[in-house]
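Undergrad: Contents are mmCIF, C-alpha atoms and all ligand atoms; file name input31.cif:
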data_target
loop_
_atom_site.group_PDB
_atom_site.id
_atom_site.type_symbol
_atom_site.label_atom_id
_atom_site.label_comp_id
_atom_site.auth_asym_id
_atom_site.auth_seq_id
_atom_site.Cartn_x
_atom_site.Cartn_y
_atom_site.Cartn_z
ATOM 1 C CA MET A 1 100.284 -23.789 -66.763
ATOM 2 C CA SER A 2 100.303 -22.793 -70.386
ATOM 3 C CA ASP A 3 96.546 -23.122 -70.904
ATOM 4 C CA THR A 4 95.003 -20.011 -72.415
ATOM 5 C CA HIS A 5 93.022 -17.698 -70.180
ATOM 6 C CA HIS A 6 89.893 -15.847 -71.325
ATOM 7 C CA SER A 7 88.554 -12.578 -70.008
ATOM 8 C CA GLY A 8 86.162 -9.936 -71.167
ATOM 9 C CA VAL A 9 83.257 -7.631 -70.543
ATOM 10 C CA VAL A 10 79.814 -9.200 -70.740
ATOM 11 C CA ALA A 11 76.981 -6.661 -70.813
ATOM 12 C CA LEU A 12 73.564 -7.640 -69.494
ATOM 13 C CA LEU A 13 71.125 -5.515 -71.484
ATOM 14 C CA GLY A 14 67.362 -5.432 -71.724
ATOM 15 C CA ARG A 15 64.086 -3.756 -70.909
ATOM 16 C CA PRO A 16 63.160 -2.967 -67.297
ATOM 17 C CA ASN A 17 62.147 -6.099 -65.359
ATOM 18 C CA ALA A 18 63.618 -8.516 -67.920
ATOM 19 C CA GLY A 19 65.562 -10.157 -65.092
ATOM 20 C CA LYS A 20 69.076 -8.757 -65.631
ATOM 21 C CA SER A 21 69.918 -8.234 -61.978
ATOM 22 C CA THR A 22 68.479 -11.601 -60.979
ATOM 23 C CA LEU A 23 70.703 -13.241 -63.597
ATOM 24 C CA LEU A 24 73.763 -11.326 -62.379
ATOM 25 C CA ASN A 25 73.188 -12.575 -58.842
ATOM 26 C CA ARG A 26 72.535 -16.110 -60.067
ATOM 27 C CA LEU A 27 75.763 -16.167 -62.110
ATOM 28 C CA LEU A 28 77.763 -14.813 -59.171
ATOM 29 C CA GLY A 29 76.107 -17.206 -56.733
ATOM 30 C CA GLN A 30 75.426 -14.334 -54.346
ATOM 31 C CA LYS A 31 73.401 -11.175 -54.088
ATOM 32 C CA LEU A 32 75.190 -8.131 -55.462
ATOM 33 C CA ALA A 33 72.493 -6.261 -57.398
ATOM 34 C CA ILE A 34 69.180 -5.286 -55.861
ATOM 35 C CA VAL A 35 66.056 -6.892 -57.327
ATOM 36 C CA THR A 36 62.438 -5.804 -56.984
ATOM 37 C CA ALA A 37 59.165 -6.598 -58.721
ATOM 38 C CA LYS A 38 59.000 -2.978 -59.917
ATOM 39 C CA PRO A 39 60.530 -1.965 -63.260
ATOM 40 C CA GLN A 40 63.484 0.461 -63.374
ATOM 41 C CA THR A 41 65.104 -0.741 -60.182
ATOM 42 C CA THR A 42 68.724 -0.608 -61.335
ATOM 43 C CA ARG A 43 70.103 2.904 -61.814
ATOM 44 C CA SER A 44 73.759 2.323 -62.546
ATOM 45 C CA ARG A 45 76.282 -0.068 -63.988
ATOM 46 C CA ILE A 46 76.808 -2.880 -61.514
ATOM 47 C CA LEU A 47 80.006 -4.839 -62.119
ATOM 48 C CA GLY A 48 80.120 -8.411 -60.878
ATOM 49 C CA ILE A 49 83.427 -10.230 -61.371
ATOM 50 C CA LEU A 50 83.001 -13.933 -62.015
ATOM 51 C CA ASN A 51 86.148 -16.038 -61.709
ATOM 52 C CA LEU A 52 86.134 -19.478 -63.256
ATOM 53 C CA PRO A 53 88.931 -21.910 -64.003
ATOM 54 C CA GLY A 54 90.630 -20.310 -67.007
ATOM 55 C CA ALA A 55 88.278 -17.351 -67.361
ATOM 56 C CA GLN A 56 87.252 -14.088 -65.758
ATOM 57 C CA LEU A 57 83.943 -12.574 -66.826
ATOM 58 C CA LEU A 58 83.260 -8.916 -66.065
ATOM 59 C CA LEU A 59 79.483 -9.023 -65.871
ATOM 60 C CA MET A 60 77.917 -5.581 -66.259
ATOM 61 C CA ASP A 61 74.349 -5.287 -65.071
ATOM 62 C CA THR A 62 72.657 -2.178 -66.460
ATOM 63 C CA PRO A 63 69.442 -0.188 -66.012
ATOM 64 C CA GLY A 64 66.583 -1.346 -68.216
ATOM 65 C CA PHE A 65 66.521 0.776 -71.357
ATOM 66 C CA HIS A 66 63.323 2.641 -72.141
ATOM 67 C CA ASP A 67 61.750 5.275 -74.300
ATOM 68 C CA SER A 68 60.654 7.954 -71.830
ATOM 69 C CA GLY A 69 62.524 11.245 -71.828
ATOM 70 C CA LYS A 70 62.725 12.159 -68.130
ATOM 71 C CA ALA A 71 66.162 13.357 -67.020
ATOM 72 C CA LEU A 72 66.832 10.319 -64.841
ATOM 73 C CA ASN A 73 65.734 7.996 -67.649
ATOM 74 C CA ARG A 74 67.987 9.741 -70.145
ATOM 75 C CA ALA A 75 70.891 9.362 -67.735
ATOM 76 C CA LEU A 76 70.064 5.661 -67.368
ATOM 77 C CA ASN A 77 69.899 5.109 -71.126
ATOM 78 C CA GLY A 78 73.293 6.818 -71.346
ATOM 79 C CA ILE A 79 74.728 4.143 -69.032
ATOM 80 C CA VAL A 80 73.244 1.406 -71.211
ATOM 81 C CA GLU A 81 74.845 2.930 -74.322
ATOM 82 C CA GLU A 82 78.234 3.235 -72.638
ATOM 83 C CA VAL A 83 78.249 -0.367 -71.476
ATOM 84 C CA ALA A 84 76.960 -1.569 -74.849
ATOM 85 C CA GLU A 85 79.805 0.265 -76.582
ATOM 86 C CA ASP A 86 82.521 -1.190 -74.386
ATOM 87 C CA CYS A 87 81.500 -4.822 -74.132
ATOM 88 C CA ASP A 88 82.997 -7.878 -75.756
ATOM 89 C CA VAL A 89 79.761 -9.812 -75.520
ATOM 90 C CA ALA A 90 76.252 -8.380 -75.251
ATOM 91 C CA VAL A 91 73.598 -10.523 -73.627
ATOM 92 C CA LEU A 92 70.234 -9.216 -74.751
ATOM 93 C CA LEU A 93 67.702 -10.397 -72.180
ATOM 94 C CA VAL A 94 64.105 -10.494 -73.303
ATOM 95 C CA ASP A 95 61.154 -11.523 -71.164
ATOM 96 C CA ALA A 96 59.863 -14.605 -73.017
ATOM 97 C CA MET A 97 56.260 -13.603 -72.381
ATOM 98 C CA ARG A 98 56.760 -10.179 -73.954
ATOM 99 C CA GLY A 99 59.072 -10.957 -76.856
ATOM 100 C CA LEU A 100 61.191 -8.690 -79.018
ATOM 101 C CA ASP A 101 60.102 -5.115 -79.699
ATOM 102 C CA PRO A 102 61.486 -2.428 -82.056
ATOM 103 C CA GLY A 103 63.749 -1.079 -79.295
ATOM 104 C CA HIS A 104 65.406 -4.493 -78.956
ATOM 105 C CA GLU A 105 65.875 -4.728 -82.713
ATOM 106 C CA GLU A 106 67.478 -1.294 -82.812
ATOM 107 C CA LEU A 107 69.903 -2.132 -80.003
ATOM 108 C CA ARG A 108 70.708 -5.474 -81.592
ATOM 109 C CA ALA A 109 71.466 -3.822 -84.925
ATOM 110 C CA SER A 110 73.764 -1.225 -83.363
ATOM 111 C CA LEU A 111 75.624 -3.911 -81.419
ATOM 112 C CA ALA A 112 76.041 -6.003 -84.563
ATOM 113 C CA GLU A 113 77.282 -2.960 -86.461
ATOM 114 C CA ARG A 114 80.038 -2.506 -83.870
ATOM 115 C CA GLY A 115 80.977 -6.148 -84.194
ATOM 116 C CA ALA A 116 79.958 -7.150 -80.660
ATOM 117 C CA ARG A 117 78.885 -10.719 -80.206
ATOM 118 C CA VAL A 118 75.174 -10.700 -79.302
ATOM 119 C CA VAL A 119 73.595 -13.536 -77.353
ATOM 120 C CA LEU A 120 69.807 -13.425 -77.363
ATOM 121 C CA VAL A 121 68.335 -14.839 -74.172
ATOM 122 C CA ALA A 122 64.682 -15.489 -73.380
ATOM 123 C CA THR A 123 64.160 -14.974 -69.642
ATOM 124 C CA GLN A 124 61.710 -16.109 -66.964
ATOM 125 C CA CYS A 125 61.126 -19.411 -68.758
ATOM 126 C CA ASP A 126 59.817 -21.018 -65.566
ATOM 127 C CA ARG A 127 56.539 -19.189 -66.188
ATOM 128 C CA PRO A 128 53.788 -21.122 -67.959
ATOM 129 C CA GLY A 129 53.691 -20.458 -71.692
ATOM 130 C CA ALA A 130 57.173 -18.919 -71.789
ATOM 131 C CA GLU A 131 58.631 -21.677 -73.938
ATOM 132 C CA ASP A 132 56.489 -20.666 -76.902
ATOM 133 C CA GLY A 133 57.716 -17.101 -76.513
ATOM 134 C CA ALA A 134 61.345 -18.232 -76.427
ATOM 135 C CA ARG A 135 60.832 -20.237 -79.615
ATOM 136 C CA ALA A 136 59.028 -17.383 -81.378
ATOM 137 C CA MET A 137 61.956 -15.037 -80.826
ATOM 138 C CA ALA A 138 64.498 -17.691 -81.874
ATOM 139 C CA ALA A 139 66.459 -17.169 -78.670
ATOM 140 C CA ASP A 140 69.991 -18.581 -78.390
ATOM 141 C CA HIS A 141 69.213 -19.575 -74.812
ATOM 142 C CA ALA A 142 66.062 -19.938 -72.767
ATOM 143 C CA ILE A 143 66.678 -19.484 -69.055
ATOM 144 C CA SER A 144 65.103 -19.007 -65.688
ATOM 145 C CA ALA A 145 67.327 -16.914 -63.440
ATOM 146 C CA ARG A 146 64.943 -17.788 -60.634
ATOM 147 C CA THR A 147 65.341 -21.588 -60.847
ATOM 148 C CA GLY A 148 68.733 -21.593 -62.575
ATOM 149 C CA GLU A 149 67.398 -23.594 -65.516
ATOM 150 C CA GLY A 150 69.484 -23.003 -68.653
ATOM 151 C CA VAL A 151 71.990 -20.774 -66.840
ATOM 152 C CA GLU A 152 74.894 -23.264 -66.991
ATOM 153 C CA ALA A 153 74.522 -23.556 -70.767
ATOM 154 C CA LEU A 154 74.406 -19.776 -71.115
ATOM 155 C CA LEU A 155 77.537 -19.474 -68.995
ATOM 156 C CA ALA A 156 79.383 -21.927 -71.245
ATOM 157 C CA THR A 157 78.449 -19.770 -74.258
ATOM 158 C CA LEU A 158 79.734 -16.637 -72.514
ATOM 159 C CA VAL A 159 83.053 -18.196 -71.536
ATOM 160 C CA ALA A 160 83.594 -19.384 -75.104
ATOM 161 C CA ALA A 161 82.671 -15.951 -76.489
ATOM 162 C CA VAL A 162 85.058 -13.706 -74.514
ATOM 163 C CA PRO A 163 88.498 -13.177 -76.021
ATOM 164 C CA GLU A 164 91.764 -14.594 -74.784
ATOM 165 C CA GLY A 165 93.413 -12.428 -72.168
ATOM 166 C CA PRO A 166 94.658 -12.220 -68.601
ATOM 167 C CA PRO A 167 92.349 -11.488 -65.664
ATOM 168 C CA PHE A 168 91.676 -7.772 -65.154
ATOM 169 C CA TYR A 169 91.004 -7.985 -61.416
ATOM 170 C CA PRO A 170 92.407 -9.998 -58.519
ATOM 171 C CA GLU A 171 90.595 -13.320 -58.281
ATOM 172 C CA ASP A 172 89.109 -12.621 -54.852
ATOM 173 C CA GLN A 173 87.471 -9.366 -55.949
ATOM 174 C CA LEU A 174 83.687 -9.422 -56.470
ATOM 175 C CA THR A 175 83.023 -5.886 -57.703
ATOM 176 C CA ASP A 176 84.480 -2.401 -58.099
ATOM 177 C CA LEU A 177 81.632 -0.846 -56.109
ATOM 178 C CA SER A 178 82.173 0.442 -52.579
ATOM 179 C CA LEU A 179 80.369 -0.997 -49.565
ATOM 180 C CA ARG A 180 78.945 2.485 -49.065
ATOM 181 C CA PHE A 181 77.324 2.366 -52.486
ATOM 182 C CA LEU A 182 76.062 -1.196 -52.002
ATOM 183 C CA ALA A 183 74.590 -0.122 -48.659
ATOM 184 C CA ALA A 184 72.735 2.738 -50.355
ATOM 185 C CA GLU A 185 71.398 0.260 -52.900
ATOM 186 C CA LEU A 186 70.044 -2.092 -50.229
ATOM 187 C CA ILE A 187 68.284 0.819 -48.557
ATOM 188 C CA ARG A 188 66.815 1.803 -51.921
ATOM 189 C CA GLU A 189 65.624 -1.763 -52.419
ATOM 190 C CA ALA A 190 63.747 -1.555 -49.108
ATOM 191 C CA VAL A 191 62.129 1.711 -50.249
ATOM 192 C CA PHE A 192 60.984 0.016 -53.475
ATOM 193 C CA GLU A 193 59.525 -2.862 -51.524
ATOM 194 C CA GLU A 194 57.718 -0.787 -48.927
ATOM 195 C CA LEU A 195 56.369 2.097 -51.016
ATOM 196 C CA ASP A 196 54.208 2.172 -54.120
ATOM 197 C CA GLN A 197 53.499 4.435 -57.047
ATOM 198 C CA GLU A 198 55.924 7.214 -57.853
ATOM 199 C CA VAL A 199 57.689 7.586 -54.518
ATOM 200 C CA PRO A 200 60.411 4.929 -54.989
ATOM 201 C CA TYR A 201 61.226 6.359 -58.402
ATOM 202 C CA GLU A 202 61.729 9.790 -56.934
ATOM 203 C CA THR A 203 63.745 8.601 -53.961
ATOM 204 C CA ALA A 204 67.509 8.565 -53.776
ATOM 205 C CA VAL A 205 69.649 7.319 -50.921
ATOM 206 C CA GLU A 206 72.588 9.343 -49.716
ATOM 207 C CA ILE A 207 74.975 7.831 -47.187
ATOM 208 C CA MET A 208 75.921 10.573 -44.727
ATOM 209 C CA ALA A 209 78.129 8.519 -42.417
ATOM 210 C CA TYR A 210 79.586 5.028 -42.657
ATOM 211 C CA ASP A 211 81.529 4.075 -39.567
ATOM 212 C CA GLU A 212 83.226 0.694 -39.384
ATOM 213 C CA SER A 213 85.686 1.599 -36.629
ATOM 214 C CA ASP A 214 83.942 -0.797 -34.225
ATOM 215 C CA PRO A 215 84.547 -4.372 -35.477
ATOM 216 C CA ALA A 216 81.345 -5.574 -33.808
ATOM 217 C CA ILE A 217 78.932 -3.184 -35.525
ATOM 218 C CA VAL A 218 78.808 -0.964 -38.592
ATOM 219 C CA ARG A 219 77.036 2.350 -38.023
ATOM 220 C CA ILE A 220 75.342 3.879 -41.053
ATOM 221 C CA ARG A 221 73.500 7.165 -41.253
ATOM 222 C CA ALA A 222 71.592 7.748 -44.484
ATOM 223 C CA ARG A 223 69.179 10.203 -46.029
ATOM 224 C CA LEU A 224 66.167 9.294 -48.097
ATOM 225 C CA LEU A 225 65.989 12.119 -50.594
ATOM 226 C CA VAL A 226 62.609 12.743 -52.148
ATOM 227 C CA GLU A 227 61.411 15.482 -54.457
ATOM 228 C CA ARG A 228 58.503 16.884 -52.445
ATOM 229 C CA GLU A 229 57.333 17.462 -48.882
ATOM 230 C CA SER A 230 54.257 15.298 -49.586
ATOM 231 C CA GLN A 231 56.562 12.398 -50.489
ATOM 232 C CA LYS A 232 58.616 13.001 -47.380
ATOM 233 C CA ALA A 233 55.439 12.556 -45.340
ATOM 234 C CA MET A 234 54.748 9.239 -47.105
ATOM 235 C CA VAL A 235 58.283 7.989 -46.539
ATOM 236 C CA ILE A 236 58.069 8.816 -42.843
ATOM 237 C CA GLY A 237 54.524 7.484 -42.484
ATOM 238 C CA ALA A 238 52.087 7.956 -39.629
ATOM 239 C CA GLY A 239 53.978 8.046 -36.368
ATOM 240 C CA GLY A 240 57.220 7.257 -38.260
ATOM 241 C CA ARG A 241 56.018 3.738 -38.994
ATOM 242 C CA MET A 242 57.009 3.637 -42.657
ATOM 243 C CA VAL A 243 60.576 4.828 -42.218
ATOM 244 C CA LYS A 244 60.885 2.335 -39.380
ATOM 245 C CA ARG A 245 59.747 -0.513 -41.650
ATOM 246 C CA ILE A 246 62.157 0.567 -44.371
ATOM 247 C CA GLY A 247 64.926 0.653 -41.780
ATOM 248 C CA ILE A 248 64.184 -2.810 -40.426
ATOM 249 C CA ARG A 249 64.087 -4.330 -43.912
ATOM 250 C CA ALA A 250 67.229 -2.530 -45.058
ATOM 251 C CA ARG A 251 69.130 -3.503 -41.920
ATOM 252 C CA LYS A 252 68.486 -7.199 -42.581
ATOM 253 C CA GLY A 253 69.935 -6.844 -46.078
ATOM 254 C CA LEU A 254 72.901 -4.851 -44.780
ATOM 255 C CA GLU A 255 73.693 -7.367 -42.057
ATOM 256 C CA ALA A 256 73.661 -10.174 -44.644
ATOM 257 C CA LEU A 257 75.942 -8.184 -46.964
ATOM 258 C CA LEU A 258 78.400 -6.993 -44.321
ATOM 259 C CA GLU A 259 78.251 -10.099 -42.150
ATOM 260 C CA THR A 260 78.167 -7.994 -38.996
ATOM 261 C CA ARG A 261 75.564 -6.233 -36.908
ATOM 262 C CA VAL A 262 74.438 -2.932 -38.365
ATOM 263 C CA HIS A 263 73.047 0.166 -36.735
ATOM 264 C CA LEU A 264 71.074 2.138 -39.305
ATOM 265 C CA GLU A 265 69.709 5.635 -38.886
ATOM 266 C CA LEU A 266 67.440 6.917 -41.648
ATOM 267 C CA ARG A 267 66.170 10.455 -42.170
ATOM 268 C CA ALA A 268 63.883 11.668 -44.942
ATOM 269 C CA LYS A 269 64.607 14.932 -46.689
ATOM 270 C CA ALA A 270 62.844 16.768 -49.502
ATOM 271 C CA GLU A 271 65.290 18.001 -52.110
ATOM 272 C CA PRO A 272 63.269 19.376 -55.009
ATOM 273 C CA ARG A 273 64.542 18.395 -58.456
ATOM 274 C CA TRP A 274 67.382 16.140 -57.272
ATOM 275 C CA SER A 275 66.668 13.790 -60.177
ATOM 276 C CA LYS A 276 66.926 16.617 -62.691
ATOM 277 C CA LYS A 277 70.394 17.804 -61.748
ATOM 278 C CA PRO A 278 73.144 15.956 -63.629
ATOM 279 C CA GLY A 279 75.737 16.746 -60.938
ATOM 280 C CA ARG A 280 73.466 15.370 -58.265
ATOM 281 C CA LEU A 281 72.783 12.176 -60.226
ATOM 282 C CA GLU A 282 76.493 11.638 -60.560
ATOM 283 C CA ALA A 283 77.169 12.267 -56.855
ATOM 284 C CA LEU A 284 74.476 9.754 -55.959
ATOM 285 C CA GLY A 285 76.098 7.158 -58.201
ATOM 286 C CA TYR A 286 73.396 7.111 -60.905
ATOM 287 C CA ARG A 287 75.185 8.163 -63.998
HETATM 288 N N1 LIG A 301 59.351 -16.099 -62.523
HETATM 289 C C1 LIG A 301 60.520 -15.469 -62.686
HETATM 290 N N2 LIG A 301 60.671 -14.211 -62.239
HETATM 291 C C2 LIG A 301 61.863 -13.608 -62.417
HETATM 292 C C3 LIG A 301 62.948 -14.247 -63.044
HETATM 293 N N3 LIG A 301 63.989 -13.387 -63.098
HETATM 294 C C4 LIG A 301 63.578 -12.256 -62.501
HETATM 295 N N4 LIG A 301 62.300 -12.386 -62.083
HETATM 296 C C5 LIG A 301 61.498 -11.387 -61.362
HETATM 297 O O1 LIG A 301 61.289 -10.273 -62.211
HETATM 298 C C6 LIG A 301 61.360 -9.060 -61.468
HETATM 299 C C7 LIG A 301 62.428 -8.163 -62.040
HETATM 300 O O2 LIG A 301 63.689 -8.787 -61.864
HETATM 301 P P1 LIG A 301 65.035 -7.931 -61.927
HETATM 302 O O3 LIG A 301 66.171 -8.883 -61.889
HETATM 303 O O4 LIG A 301 65.009 -6.842 -60.926
HETATM 304 O O5 LIG A 301 64.905 -7.305 -63.391
HETATM 305 P P2 LIG A 301 65.863 -6.228 -64.071
HETATM 306 O O6 LIG A 301 65.935 -6.584 -65.511
HETATM 307 O O7 LIG A 301 67.155 -6.128 -63.345
HETATM 308 O O8 LIG A 301 65.003 -4.907 -63.887
HETATM 309 P P3 LIG A 301 65.480 -3.352 -63.882
HETATM 310 O O9 LIG A 301 66.635 -3.216 -62.939
HETATM 311 O O10 LIG A 301 64.289 -2.647 -63.393
HETATM 312 O O11 LIG A 301 65.823 -3.006 -65.285
HETATM 313 C C8 LIG A 301 61.612 -9.472 -60.020
HETATM 314 O O12 LIG A 301 60.377 -9.552 -59.356
HETATM 315 C C9 LIG A 301 62.246 -10.833 -60.173
HETATM 316 O O13 LIG A 301 62.059 -11.649 -59.033
HETATM 317 C C10 LIG A 301 62.763 -15.596 -63.486
HETATM 318 O O14 LIG A 301 63.639 -16.250 -64.037
HETATM 319 N N5 LIG A 301 61.522 -16.139 -63.285
HETATM 320 MG MG MG A 302 68.016 -4.540 -62.400
#
What would you get if you wrote out this structure as structure tokens?
Ligand SMILES: Nc1nc2c(ncn2[C@@H]2O[C@H](COP(=O)(O)OP(=O)(O)OP(=O)(O)O)[C@@H](O)[C@H]2O)c(=O)[nH]1
Ligand SMILES: [Mg+2]

TA:
Amino acid sequence: MSDTHHSGVVALLGRPNAGKSTLLNRLLGQKLAIVTAKPQTTRSRILGILNLPGAQLLLMDTPGFHDSGKALNRALNGIVEEVAEDCDVAVLLVDAMRGLDPGHEELRASLAERGARVVLVATQCDRPGAEDGARAMAADHAISARTGEGVEALLATLVAAVPEGPPFYPEDQLTDLSLRFLAAELIREAVFEELDQEVPYETAVEIMAYDESDPAIVRIRARLLVERESQKAMVIGAGGRMVKRIGIRARKGLEALLETRVHLELRAKAEPRWSKKPGRLEALGYR
């Protein structure tokens, strides 16, 4: 076939909770990125490879960008900048109910300066009143990643916007992330869902052992790293009930991802200042 092939990097950028990870999963037609109702869930660049007839889109989900100066947040903003610099197309996702803010305008201007194509997308348009918000910001697309409304039209725009080129990855490859890392993410998602306030934000997941030698069951041993002993007590819960709940929830996600039975052993550990050590952030995959 002599038809031209298109391929390129599509960055999904936006504030925390805009719906970037939900859109990634919707575009891929399967769950790759973790999603929670809490802001600042994503801590790294999550590549999802979408193969279509005649096109390969390298969809880069990113952490929500924000203005606070904590070490972890600075590291996360660094990831956003890197992805924004390297993309062919930048999708700027803005919650239709919240609208554009000065941070969005700044990012948009720097993307335009670099010559990246920017697609402005109003998200969560299934919510009542969102349509007015989408109109007020003059969005290129109004979507709901939850219902899928508007996503096909957005996809057509993205395919048309990436340059001509051969596929970068084999067509059966979904991501460049390891199963180990995806497992840690699913455990982190369970922590976000089970615990409130600051604990999920100060928890990291470290996979200590990942044994797939038995085809019938994958055995995973992981640590829940927190900053303080008091947080460790909350993660464990009275009589170990909380860590048990986290484990049950995470195991369901892991079994769906790996399509096998999973044995999961979780331990909590206090490691003061883990989130303030650049080397540690990198080792944990948040960089
Ligand atoms: N009603 C509605 N809710 C949505 C939609 N998309 C995402 N959400 C919800 O919004 C919350 C945040 O979604 P995420 O996809 O995790 O948002 P994100 O932009 O990846 O957030 P961070 O990773 O924290 O930056 C979750 O509770 C989602 O279920 C949507 O189209 N409609
Ligand atoms: Mg996310």

Undergrad: Go through A:Ala109, A:Leu179, A:Glu189, A:Glu227 and flag the residue nearest ligand MG 302 (chain A), using only C-alpha atoms and all ligand atoms for the distances.

TA: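 Looking at the shortest contact to ligand MG 302 (chain A), the residue is A:Glu189.
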
Undergrad: Would you write out, as CSV, a table of all residues in chain A that have an atom no more than 7 Å from an atom of ligand MG 302 (chain A), listing for each the closest atom pair and the distance in Å to one decimal, considering only C-alpha atoms and all ligand atoms and ordering rows by chain and rising residue number?

TA:
residue,atom,partner,partner_atom,distance
A:Asn17,CA,A:MG302,MG,6.8
A:Gly19,CA,A:MG302,MG,6.7
A:Lys20,CA,A:MG302,MG,5.4
A:Ser21,CA,A:MG302,MG,4.2
A:Ala33,CA,A:MG302,MG,6.9
A:Ile34,CA,A:MG302,MG,6.7
A:Val35,CA,A:MG302,MG,5.9
A:Gln40,CA,A:MG302,MG,6.8
A:Thr41,CA,A:MG302,MG,5.3
A:Thr42,CA,A:MG302,MG,4.1
A:Asp61,CA,A:MG302,MG,6.9
A:Thr62,CA,A:MG302,MG,6.6
A:Pro63,CA,A:MG302,MG,5.8
A:Gly64,CA,A:MG302,MG,6.8

Undergrad: Separation of atom CA of Trp274 of chain A and atom CA of Val205 of chain A, in Å?

TA: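 Taking atom CA of Trp274 of chain A as the start and atom CA of Val205 of chain A as the end point, the length is 11.1 Å.
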
Undergrad: Taking only C-alpha atoms and all ligand atoms into account, which residues have an atom no farther than 10 Å from ligand LIG 301 (chain A)? I'd like them as number ranges by chain.

TA: A: 12-26, 33-44, 61-66, 76, 93-96, 122-128, 130, 142-149, 151, 189

Undergrad: Using only C-alpha atoms, which of A:Pro278, A:Gly48, A:Gly285, A:Gly54 sits nearest Pro166 of chain A?

TA: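 Looking at the shortest contact to Pro166 of chain A, the residue is A:Gly54.
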
Undergrad: Rounded to one decimal place, report the atom CA of Thr175 of chain A-atom CA of Leu50 of chain A distance in Å.

TA: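 Atom CA of Leu50 of chain A lies at a distance of 9.1 Å from atom CA of Thr175 of chain A.
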
Undergrad: Could you tell me, as a list in words, exactly which residues end up selected when the PyMOL selection byres (((chain A and resi 242) around 12) and not hetatm) is applied to this structure?

TA: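 With the PyMOL selection byres (((chain A and resi 242) around 12) and not hetatm) on this model, the match is Ala190, Val191, Glu193, Glu194, Leu195, Asp196, Gln231, Lys232, Ala233, Met234, Val235, Ile236, Gly237, Ala238, Gly239, Gly240, Arg241, Val243, Lys244, Arg245, Ile246, Gly247, Ile248, Arg249, Leu266, Arg267 and Ala268 of chain A.
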